[in-house]
>>> print(open('entry_22.csv').read())   # CSV, C-alpha atoms
chain,number,residue,atom,x,y,z
A,1,MET,CA,117.1,112.2,128.1
A,2,SER,CA,115.7,115.0,125.9
A,3,LYS,CA,116.2,118.7,126.8
A,4,ILE,CA,112.6,119.1,127.6
A,5,ALA,CA,112.8,116.2,130.1
A,6,ALA,CA,115.9,117.7,131.5
A,7,TRP,CA,114.2,121.0,132.2
A,8,LEU,CA,111.2,119.3,133.7
A,9,ASN,CA,113.7,117.5,135.9
A,10,ALA,CA,115.2,120.8,137.0
A,11,ALA,CA,111.7,122.3,137.5
A,12,ARG,CA,110.9,119.5,140.0
A,13,LEU,CA,107.2,119.3,139.3
A,14,ARG,CA,106.6,117.3,142.5
A,15,THR,CA,107.2,120.6,144.5
A,16,LEU,CA,104.4,122.5,142.8
A,17,PRO,CA,101.4,121.3,144.8
A,18,LEU,CA,103.0,122.5,148.0
A,19,SER,CA,103.9,125.8,146.4
A,20,VAL,CA,100.3,126.6,145.5
A,21,SER,CA,98.8,125.6,148.9
A,22,GLY,CA,99.0,129.0,150.4
A,23,ILE,CA,97.3,130.6,147.4
A,24,VAL,CA,94.5,128.0,147.6
A,25,VAL,CA,94.0,128.8,151.3
A,26,GLY,CA,94.2,132.5,150.8
A,27,SER,CA,91.6,132.3,148.0
A,28,ALA,CA,89.3,130.2,150.2
A,29,LEU,CA,89.5,132.8,152.9
A,30,ALA,CA,88.6,135.5,150.4
A,31,ARG,CA,85.6,133.5,149.3
A,32,PHE,CA,84.7,133.0,153.0
A,33,TYR,CA,84.8,136.8,153.4
A,34,GLY,CA,82.6,137.3,150.3
A,35,LYS,CA,85.2,138.1,147.6
A,36,ASN,CA,86.0,136.1,144.5
A,37,ASP,CA,87.8,136.7,141.2
A,38,ILE,CA,88.7,133.8,139.0
A,39,LEU,CA,91.3,135.8,137.0
A,40,ILE,CA,93.1,136.8,140.1
A,41,PHE,CA,93.0,133.2,141.3
A,42,ILE,CA,94.5,131.9,138.1
A,43,LEU,CA,97.2,134.6,137.9
A,44,ALA,CA,98.2,134.2,141.5
A,45,LEU,CA,98.5,130.4,141.0
A,46,LEU,CA,100.7,130.9,137.9
A,47,THR,CA,102.8,133.5,139.7
A,48,THR,CA,103.5,131.2,142.6
A,49,ILE,CA,104.4,128.4,140.3
A,50,GLY,CA,106.7,130.7,138.6
A,51,PHE,CA,108.4,131.6,141.9
A,52,GLN,CA,108.8,127.9,142.7
A,53,VAL,CA,110.3,126.9,139.4
A,54,THR,CA,112.7,129.9,139.6
A,55,SER,CA,113.7,128.6,143.1
A,56,ASN,CA,114.1,125.1,141.8
A,57,PHE,CA,116.4,126.2,138.9
A,58,ALA,CA,118.4,128.4,141.3
A,59,ASN,CA,118.7,125.6,143.9
A,60,ASP,CA,119.9,123.2,141.2
A,61,TYR,CA,122.4,125.7,140.0
A,62,GLY,CA,123.6,127.0,143.5
A,63,ASP,CA,124.0,123.6,145.1
A,64,GLY,CA,125.6,122.2,141.9
A,65,ILE,CA,128.3,124.8,141.5
A,66,LYS,CA,129.1,124.7,145.2
A,67,GLY,CA,129.5,120.9,145.1
A,68,THR,CA,126.8,120.3,147.6
A,69,ASP,CA,125.1,118.0,145.2
A,70,ASN,CA,127.5,115.2,145.1
A,71,ASP,CA,127.6,111.4,145.5
A,72,ASP,CA,127.0,111.7,149.2
A,73,ARG,CA,123.6,113.3,148.6
A,74,VAL,CA,120.7,111.0,149.4
A,75,GLY,CA,117.9,112.6,147.4
A,76,PRO,CA,117.2,112.4,143.7
A,77,LYS,CA,120.0,113.6,141.5
A,78,ARG,CA,119.5,117.1,140.1
A,79,ALA,CA,120.0,118.3,136.5
A,80,LEU,CA,123.4,120.0,136.9
A,81,GLN,CA,124.7,117.2,139.1
A,82,SER,CA,123.7,114.6,136.6
A,83,GLY,CA,125.0,116.6,133.6
A,84,LEU,CA,121.6,116.9,132.1
A,85,LEU,CA,122.0,120.7,132.0
A,86,THR,CA,125.1,122.9,132.1
A,87,ALA,CA,125.6,125.7,134.6
A,88,LYS,CA,125.3,128.2,131.7
A,89,GLU,CA,121.9,126.7,130.6
A,90,LEU,CA,120.6,126.9,134.1
A,91,LYS,CA,121.6,130.5,134.5
A,92,ILE,CA,119.7,131.3,131.3
A,93,GLY,CA,116.8,129.3,132.6
A,94,ILE,CA,116.8,131.4,135.8
A,95,VAL,CA,116.8,134.6,133.9
A,96,ILE,CA,113.9,133.5,131.7
A,97,ALA,CA,112.0,132.3,134.7
A,98,VAL,CA,112.5,135.7,136.5
A,99,ILE,CA,111.2,137.5,133.4
A,100,ILE,CA,108.1,135.4,133.3
A,101,CYS,CA,107.5,135.9,137.0
A,102,ALA,CA,107.8,139.7,136.5
A,103,ILE,CA,105.2,139.6,133.8
A,104,LEU,CA,102.9,137.5,135.9
A,105,VAL,CA,103.4,139.8,138.9
A,106,VAL,CA,102.5,142.9,137.0
A,107,SER,CA,99.4,141.2,135.6
A,108,VAL,CA,98.0,140.0,138.8
A,109,LEU,CA,98.7,143.3,140.5
A,110,TYR,CA,97.1,145.2,137.7
A,111,PHE,CA,93.9,143.2,137.8
A,112,SER,CA,93.8,143.3,141.6
A,113,PHE,CA,94.6,147.0,142.2
A,114,GLY,CA,94.5,148.7,138.8
A,115,SER,CA,95.9,152.2,138.6
A,116,GLN,CA,93.6,153.6,141.4
A,117,GLN,CA,95.5,151.9,144.3
A,118,ILE,CA,99.1,152.6,143.3
A,119,GLU,CA,100.3,152.3,146.9
A,120,TYR,CA,99.2,148.7,147.1
A,121,PHE,CA,100.6,148.1,143.6
A,122,VAL,CA,104.0,149.3,144.7
A,123,LEU,CA,103.9,147.5,148.1
A,124,PHE,CA,103.1,144.2,146.5
A,125,GLY,CA,105.6,144.8,143.7
A,126,VAL,CA,108.3,145.1,146.4
A,127,LEU,CA,107.0,142.0,148.1
A,128,ALA,CA,107.1,140.1,144.8
A,129,SER,CA,110.7,141.3,144.2
A,130,LEU,CA,111.6,140.0,147.6
A,131,SER,CA,110.0,136.7,146.7
A,132,ILE,CA,112.1,136.4,143.6
A,133,TRP,CA,115.2,137.4,145.5
A,134,ALA,CA,114.4,134.8,148.2
A,135,ALA,CA,113.9,132.1,145.5
A,136,ILE,CA,117.3,132.7,144.1
A,137,LYS,CA,119.4,133.5,147.1
A,138,TYR,CA,118.5,130.3,149.0
A,139,THR,CA,121.6,128.6,147.5
A,140,VAL,CA,123.1,131.1,145.0
A,141,GLY,CA,126.0,133.3,145.9
A,142,SER,CA,128.5,133.6,148.7
A,143,SER,CA,125.8,134.9,151.1
A,144,ALA,CA,123.2,132.2,150.3
A,145,TYR,CA,120.9,132.2,153.3
A,146,GLY,CA,120.1,128.5,153.0
A,147,TYR,CA,123.8,127.8,153.9
A,148,ARG,CA,123.4,129.8,157.2
A,149,GLY,CA,120.4,128.0,158.6
A,150,LEU,CA,117.8,130.6,157.6
A,151,GLY,CA,115.9,128.7,155.0
A,152,ASP,CA,113.2,127.6,157.5
A,153,ILE,CA,112.4,131.2,158.4
A,154,PHE,CA,112.1,132.3,154.7
A,155,VAL,CA,109.9,129.3,153.8
A,156,PHE,CA,107.6,130.0,156.8
A,157,ILE,CA,107.2,133.6,155.7
A,158,PHE,CA,107.0,133.3,151.9
A,159,PHE,CA,105.1,129.9,151.6
A,160,GLY,CA,102.9,130.5,154.6
A,161,LEU,CA,102.3,134.1,155.8
A,162,LEU,CA,102.9,136.0,152.6
A,163,ALA,CA,101.2,133.4,150.3
A,164,VAL,CA,98.0,133.1,152.4
A,165,LEU,CA,97.7,136.7,153.7
A,166,GLY,CA,99.0,138.3,150.5
A,167,SER,CA,96.6,136.4,148.3
A,168,LEU,CA,93.7,137.2,150.6
A,169,PHE,CA,94.6,140.9,150.4
A,170,LEU,CA,94.6,140.7,146.6
A,171,TYR,CA,90.9,140.0,146.6
A,172,THR,CA,89.7,141.8,149.7
A,173,LYS,CA,92.1,144.6,150.4
A,174,PHE,CA,92.1,143.6,154.1
A,175,ILE,CA,93.5,141.0,156.4
A,176,THR,CA,91.7,139.6,159.5
A,177,GLY,CA,93.2,138.4,162.7
A,178,TYR,CA,91.8,135.0,162.2
A,179,ALA,CA,93.4,134.7,158.8
A,180,TRP,CA,96.8,134.4,160.5
A,181,LEU,CA,95.9,131.0,161.8
A,182,PRO,CA,95.6,129.1,158.5
A,183,ALA,CA,98.6,131.1,157.2
A,184,ILE,CA,100.6,129.8,160.2
A,185,ALA,CA,99.3,126.3,159.4
A,186,VAL,CA,100.5,126.3,155.8
A,187,GLY,CA,103.8,127.9,156.7
A,188,ALA,CA,104.5,125.4,159.4
A,189,LEU,CA,103.8,122.4,157.1
A,190,SER,CA,105.8,123.9,154.3
A,191,THR,CA,108.7,124.4,156.7
A,192,GLY,CA,108.2,120.8,157.8
A,193,VAL,CA,108.8,119.7,154.2
A,194,LEU,CA,112.1,121.7,154.1
A,195,ASN,CA,113.0,120.2,157.5
A,196,LEU,CA,112.5,116.7,156.1
A,197,ASN,CA,114.7,117.5,153.2
A,198,ASN,CA,117.4,118.7,155.5
A,199,LEU,CA,117.0,115.7,157.8
A,200,ARG,CA,117.5,113.4,154.8
A,201,ASP,CA,120.6,115.4,153.6
A,202,PHE,CA,122.1,115.9,157.0
A,203,GLU,CA,125.4,114.1,156.4
A,204,SER,CA,126.0,115.4,152.8
A,205,ASP,CA,125.1,119.0,153.9
A,206,ARG,CA,127.4,118.8,156.9
A,207,LYS,CA,130.3,117.6,154.8
A,208,ALA,CA,129.6,120.3,152.1
A,209,GLY,CA,129.4,123.1,154.7
A,210,LYS,CA,125.7,123.8,154.1
A,211,ASN,CA,124.8,124.7,157.7
A,212,THR,CA,121.1,124.1,157.6
A,213,MET,CA,119.1,124.3,160.9
A,214,ILE,CA,119.4,120.5,161.1
A,215,VAL,CA,123.2,120.6,160.8
A,216,LYS,CA,123.2,123.1,163.6
A,217,MET,CA,120.8,121.4,165.9
A,218,GLY,CA,121.4,117.7,165.1
A,219,VAL,CA,119.1,115.0,163.8
A,220,GLU,CA,117.3,114.2,167.1
A,221,ASN,CA,116.5,117.8,167.9
A,222,GLY,CA,115.5,118.1,164.2
A,223,LYS,CA,112.9,115.4,164.7
A,224,LYS,CA,111.5,117.2,167.8
A,225,TYR,CA,111.4,120.4,165.8
A,226,HIS,CA,109.5,118.6,163.1
A,227,TYR,CA,106.9,117.4,165.6
A,228,ILE,CA,106.5,121.0,166.8
A,229,LEU,CA,105.9,122.3,163.3
A,230,VAL,CA,103.2,119.7,162.6
A,231,ALA,CA,101.5,120.3,166.0
A,232,MET,CA,101.6,124.1,165.4
A,233,SER,CA,99.9,123.6,162.1
A,234,PHE,CA,97.2,121.3,163.5
A,235,VAL,CA,96.4,123.6,166.4
A,236,SER,CA,96.3,126.7,164.2
A,237,MET,CA,93.8,125.0,161.8
A,238,VAL,CA,91.7,123.7,164.7
A,239,LEU,CA,91.4,127.1,166.3
A,240,PHE,CA,90.5,128.8,163.0
A,241,ILE,CA,87.7,126.3,162.3
A,242,LEU,CA,86.4,126.3,165.8
A,243,PHE,CA,86.0,130.1,165.8
A,244,ASN,CA,84.7,130.4,162.2
A,245,ALA,CA,82.9,127.2,161.2
A,246,GLU,CA,79.3,127.6,160.4
A,247,VAL,CA,78.5,124.0,159.3
A,248,TRP,CA,79.9,120.6,160.4
A,249,TYR,CA,81.6,119.8,157.1
A,250,GLN,CA,84.0,122.7,157.5
A,251,PHE,CA,85.9,120.5,159.8
A,252,ILE,CA,86.7,118.1,156.9
A,253,SER,CA,90.0,119.7,156.1
A,254,LEU,CA,91.3,118.3,159.4
A,255,LEU,CA,91.1,114.8,157.9
A,256,ALA,CA,94.4,115.7,156.0
A,257,PHE,CA,96.2,115.5,159.3
A,258,ILE,CA,95.5,111.7,159.5
A,259,PRO,CA,98.2,110.9,156.9
A,260,VAL,CA,100.3,113.6,158.5
A,261,GLY,CA,100.0,111.7,161.8
A,262,VAL,CA,101.1,108.5,160.2
A,263,HIS,CA,104.0,110.4,158.6
A,264,VAL,CA,105.1,111.7,162.0
A,265,VAL,CA,105.2,108.1,163.4
A,266,LYS,CA,107.5,107.1,160.5
A,267,VAL,CA,109.8,110.1,161.1
A,268,ILE,CA,110.0,109.1,164.8
A,269,ARG,CA,111.0,105.6,164.0
A,270,ASN,CA,113.3,106.4,161.1
A,271,GLU,CA,117.0,105.6,161.4
A,272,VAL,CA,117.9,105.6,157.7
A,273,PRO,CA,118.0,109.0,156.0
A,274,GLN,CA,117.2,107.5,152.5
A,275,ARG,CA,113.8,106.4,153.8
A,276,LEU,CA,112.8,110.0,154.5
A,277,ASP,CA,112.6,110.9,150.8
A,278,PRO,CA,109.2,109.4,150.2
A,279,GLU,CA,108.0,111.2,153.3
A,280,LEU,CA,108.6,114.6,151.6
A,281,LYS,CA,106.1,113.8,149.0
A,282,LYS,CA,103.6,112.5,151.5
A,283,LEU,CA,103.8,115.7,153.7
A,284,ALA,CA,103.7,118.0,150.6
A,285,LEU,CA,100.6,116.3,149.2
A,286,SER,CA,99.0,116.2,152.6
A,287,THR,CA,99.5,120.0,152.9
A,288,PHE,CA,97.9,120.4,149.4
A,289,LEU,CA,95.0,118.1,150.4
A,290,MET,CA,94.4,120.2,153.6
A,291,SER,CA,94.4,123.3,151.4
A,292,PHE,CA,92.1,121.8,148.8
A,293,LEU,CA,89.6,120.5,151.5
A,294,PHE,CA,89.7,123.9,153.2
A,295,TYR,CA,88.9,125.6,149.9
A,296,ILE,CA,85.9,123.4,149.0
A,297,THR,CA,84.4,123.6,152.5
A,298,PHE,CA,84.9,127.4,153.1
A,299,ILE,CA,83.9,128.9,149.8
>>> encode(input="entry_22.csv", output="structure tokens")
Amino acid sequence: MSKIAAWLNAARLRTLPLSVSGIVVGSALARFYGKNDILIFILALLTTIGFQVTSNFANDYGDGIKGTDNDDRVGPKRALQSGLLTAKELKIGIVIAVIICAILVVSVLYFSFGSQQIEYFVLFGVLASLSIWAAIKYTVGSSAYGYRGLGDIFVFIFFGLLAVLGSLFLYTKFITGYAWLPAIAVGALSTGVLNLNNLRDFESDRKAGKNTMIVKMGVENGKKYHYILVAMSFVSMVLFILFNAEVWYQFISLLAFIPVGVHVVKVIRNEVPQRLDPELKKLALSTFLMSFLFYITFI
């Protein structure tokens, strides 16, 4: 495999649609409230992709050097685990990714707030720094929060609340009460993707000492937790649309929950962790589909 292919493997491109879902929903909300800026939209998307790639590099490195990625792991083999990239190369990749993220953050904040709203520039600069920190510290270091069962909380906050509400604020400079509902919906489904990953890797994580929420609560409780996340997302979207829809087709984004419902049935019946891997892609793409349909019906 070429080095380019190795880096693409480490970047885990299949995770990118999920990562931009919050930005798409936040941008749709901004359009719904009468604000739009294509440059901010593009820069926000690129920034979020940068955060995700940084996280993927860091996860590959962190789990690799800790030995969590081993022969017991059910999911696809990662770059360090497979020997496609060395630990040193991944560290360099993380540094470069962080630099690119910093440039993108400064760019999107400049075009959103300029020099006239320095307080917002500083606030979002701090939030962006926390996002980069969270992307790296999930698996890297002795205090990696992903090894203490806190990954779900961080995903809900950064992929859901911060992505949706933060991107909305970039355009509008305000946040509405109703906007929390789609933010919760995206956050819950994003957390569901992480939960599926942890259900799949339950045995290998437990043996490696990676105490995810699933390792702590067990597989059966993990499945119940998964149903709650999906239900919370569905109810949040239904409530937002019921209170804000002006035309019938704004309910179309709820169609994305049809494949999600099929997915839930498969999770209920599943007894083999390996078979959960395809479900990650299905849930991630369904989340992106919901976000896309929300965007085209609320702009």
>>> atom_distance(input="entry_22.csv", atom1="atom CA of A:Ala44", atom2="atom CA of A:Val122")
16.5 Å
>>> residues_around(input="entry_22.csv", residues="stretch 257-262 of chain A", least_positions_apart="5", cutoff="8 Å", atoms="all atoms listed in the file", output="list in words")
Val230, Phe234, Lys282, Leu283, Ser286 and Met290 of chain A
>>> write_last_selection(input="entry_22.csv", atoms="C-alpha atoms", output="PDB file, in the coordinates of the input")
ATOM      1  CA  VAL A 230     103.200 119.700 162.600  1.00  0.00           C
ATOM      2  CA  PHE A 234      97.200 121.300 163.500  1.00  0.00           C
ATOM      3  CA  LYS A 282     103.600 112.500 151.500  1.00  0.00           C
ATOM      4  CA  LEU A 283     103.800 115.700 153.700  1.00  0.00           C
ATOM      5  CA  SER A 286      99.000 116.200 152.600  1.00  0.00           C
ATOM      6  CA  MET A 290      94.400 120.200 153.600  1.00  0.00           C
TER       7      MET A 290
END
>>> atom_distance(input="entry_22.csv", atom1="atom CA of A:Thr54", atom2="atom CA of A:Ser112")
23.3 Å
>>> residues_around(input="entry_22.csv", residues="stretch 136-152 of chain A", least_positions_apart="6", cutoff="6 Å", atoms="only C-alpha atoms", output="PyMOL selection string")
chain A and resi 55+58-59+62+191+210-213
>>> write_last_selection(input="entry_22.csv", atoms="C-alpha atoms", output="compact mmCIF listing (two decimals), keeping the file's coordinate frame")
# COMPACT_ATOMS: atom_id res chain seq x y z
CA SER A 55 113.70 128.60 143.10
CA ALA A 58 118.40 128.40 141.30
CA ASN A 59 118.70 125.60 143.90
CA GLY A 62 123.60 127.00 143.50
CA THR A 191 108.70 124.40 156.70
CA LYS A 210 125.70 123.80 154.10
CA ASN A 211 124.80 124.70 157.70
CA THR A 212 121.10 124.10 157.60
CA MET A 213 119.10 124.30 160.90
>>> residues_around(input="entry_22.csv", residues="A:Thr47", least_positions_apart="5", cutoff="9 Å", atoms="only C-alpha atoms", output="JSON, numbers by chain")
{"A": [42, 52, 100, 101, 102, 103, 104, 105, 108]}
>>> residues_near_point(input="entry_22.csv", point="(106.6, 116.1, 147.8)", cutoff="6 Å", atoms="only C-alpha atoms", output="list in words")
Arg14, Thr15, Leu280, Lys281, Lys282 and Ala284 of chain A
>>> atom_distance(input="entry_22.csv", atom1="atom CA of A:Tyr249", atom2="atom CA of A:Lys173")
27.8 Å
>>> closest_residue(input="entry_22.csv", among="A:Leu43, A:Ile214, A:Ile4, A:Leu189", to="A:Leu84", atoms="all atoms listed in the file")
A:Ile4
>>> residues_around(input="entry_22.csv", residues="A:His226", least_positions_apart="5", cutoff="8 Å", atoms="all atoms listed in the file", output="compact mmCIF listing (two decimals) with C-alpha atoms, in the frame of the given file")
# COMPACT_ATOMS: atom_id res chain seq x y z
CA GLY A 192 108.20 120.80 157.80
CA ASN A 195 113.00 120.20 157.50
CA LEU A 196 112.50 116.70 156.10
>>> closest_residue(input="entry_22.csv", among="A:Ile296, A:Leu46, A:Ile40, A:Ala179", to="A:Phe251", atoms="all atoms listed in the file")
A:Ile296
>>> residues_around(input="entry_22.csv", residues="A:Leu90", least_positions_apart="5", cutoff="8 Å", atoms="only C-alpha atoms", output="list in words")
Phe57, Ala58, Tyr61, Leu80 and Leu85 of chain A
>>> closest_residue(input="entry_22.csv", among="A:Ala208, A:Leu242, A:Leu168, A:Val272", to="A:Leu29", atoms="all atoms listed in the file")
A:Leu168
>>> decode(input="entry_22.csv", residues="stretch 89-114 of chain A", atoms="N, CA and C atoms", output="mmCIF file, in the first residue's frame")
data_model
loop_
_atom_site.group_PDB
_atom_site.id
_atom_site.type_symbol
_atom_site.label_atom_id
_atom_site.label_comp_id
_atom_site.auth_asym_id
_atom_site.auth_seq_id
_atom_site.Cartn_x
_atom_site.Cartn_y
_atom_site.Cartn_z
ATOM 1 N N GLU A 89 5.443 8.746 12.521
ATOM 2 C CA GLU A 89 4.748 9.346 11.382
ATOM 3 C C GLU A 89 3.370 9.845 11.792
ATOM 4 N N LEU A 90 2.678 9.075 12.611
ATOM 5 C CA LEU A 90 1.361 9.497 13.063
ATOM 6 C C LEU A 90 1.441 10.743 13.943
ATOM 7 N N LYS A 91 2.457 10.823 14.795
ATOM 8 C CA LYS A 91 2.629 12.009 15.636
ATOM 9 C C LYS A 91 2.848 13.246 14.769
ATOM 10 N N ILE A 92 3.664 13.101 13.731
ATOM 11 C CA ILE A 92 3.886 14.213 12.814
ATOM 12 C C ILE A 92 2.584 14.583 12.107
ATOM 13 N N GLY A 93 1.817 13.560 11.711
ATOM 14 C CA GLY A 93 0.534 13.796 11.065
ATOM 15 C C GLY A 93 -0.423 14.543 11.972
ATOM 16 N N ILE A 94 -0.420 14.213 13.258
ATOM 17 C CA ILE A 94 -1.288 14.897 14.226
ATOM 18 C C ILE A 94 -0.905 16.370 14.329
ATOM 19 N N VAL A 95 0.395 16.638 14.411
ATOM 20 C CA VAL A 95 0.871 18.024 14.516
ATOM 21 C C VAL A 95 0.465 18.834 13.283
ATOM 22 N N ILE A 96 0.666 18.273 12.111
ATOM 23 C CA ILE A 96 0.301 18.967 10.868
ATOM 24 C C ILE A 96 -1.209 19.211 10.818
ATOM 25 N N ALA A 97 -1.986 18.197 11.223
ATOM 26 C CA ALA A 97 -3.447 18.339 11.222
ATOM 27 C C ALA A 97 -3.888 19.448 12.178
ATOM 28 N N VAL A 98 -3.242 19.538 13.335
ATOM 29 C CA VAL A 98 -3.582 20.583 14.307
ATOM 30 C C VAL A 98 -3.272 21.960 13.735
ATOM 31 N N ILE A 99 -2.153 22.095 13.054
ATOM 32 C CA ILE A 99 -1.781 23.382 12.439
ATOM 33 C C ILE A 99 -2.811 23.792 11.391
ATOM 34 N N ILE A 100 -3.224 22.831 10.562
ATOM 35 C CA ILE A 100 -4.236 23.117 9.544
ATOM 36 C C ILE A 100 -5.552 23.520 10.205
ATOM 37 N N CYS A 101 -5.930 22.811 11.274
ATOM 38 C CA CYS A 101 -7.156 23.152 12.008
ATOM 39 C C CYS A 101 -7.086 24.575 12.557
ATOM 40 N N ALA A 102 -5.929 24.948 13.104
ATOM 41 C CA ALA A 102 -5.767 26.292 13.670
ATOM 42 C C ALA A 102 -5.952 27.364 12.597
ATOM 43 N N ILE A 103 -5.389 27.138 11.424
ATOM 44 C CA ILE A 103 -5.528 28.087 10.315
ATOM 45 C C ILE A 103 -6.989 28.215 9.903
ATOM 46 N N LEU A 104 -7.670 27.078 9.814
ATOM 47 C CA LEU A 104 -9.082 27.084 9.425
ATOM 48 C C LEU A 104 -9.943 27.772 10.483
ATOM 49 N N VAL A 105 -9.641 27.530 11.747
ATOM 50 C CA VAL A 105 -10.400 28.157 12.833
ATOM 51 C C VAL A 105 -10.271 29.675 12.768
ATOM 52 N N VAL A 106 -9.044 30.164 12.639
ATOM 53 C CA VAL A 106 -8.823 31.613 12.555
ATOM 54 C C VAL A 106 -9.560 32.192 11.351
ATOM 55 N N SER A 107 -9.551 31.463 10.252
ATOM 56 C CA SER A 107 -10.214 31.945 9.030
ATOM 57 C C SER A 107 -11.720 32.065 9.214
ATOM 58 N N VAL A 108 -12.346 30.996 9.713
ATOM 59 C CA VAL A 108 -13.806 31.038 9.843
ATOM 60 C C VAL A 108 -14.234 32.065 10.883
ATOM 61 N N LEU A 109 -13.457 32.228 11.951
ATOM 62 C CA LEU A 109 -13.806 33.220 12.975
ATOM 63 C C LEU A 109 -13.605 34.637 12.453
ATOM 64 N N TYR A 110 -12.586 34.845 11.641
ATOM 65 C CA TYR A 110 -12.355 36.178 11.072
ATOM 66 C C TYR A 110 -13.502 36.577 10.155
ATOM 67 N N PHE A 111 -13.928 35.663 9.288
ATOM 68 C CA PHE A 111 -14.991 36.007 8.353
ATOM 69 C C PHE A 111 -16.362 36.063 9.031
ATOM 70 N N SER A 112 -16.482 35.444 10.199
ATOM 71 C CA SER A 112 -17.745 35.488 10.926
ATOM 72 C C SER A 112 -17.836 36.712 11.843
ATOM 73 N N PHE A 113 -16.755 36.978 12.591
ATOM 74 C CA PHE A 113 -16.791 38.029 13.610
ATOM 75 C C PHE A 113 -15.933 39.247 13.276
ATOM 76 N N GLY A 114 -14.960 39.088 12.368
ATOM 77 C CA GLY A 114 -14.069 40.180 12.034
ATOM 78 C C GLY A 114 -13.295 40.659 13.241
#
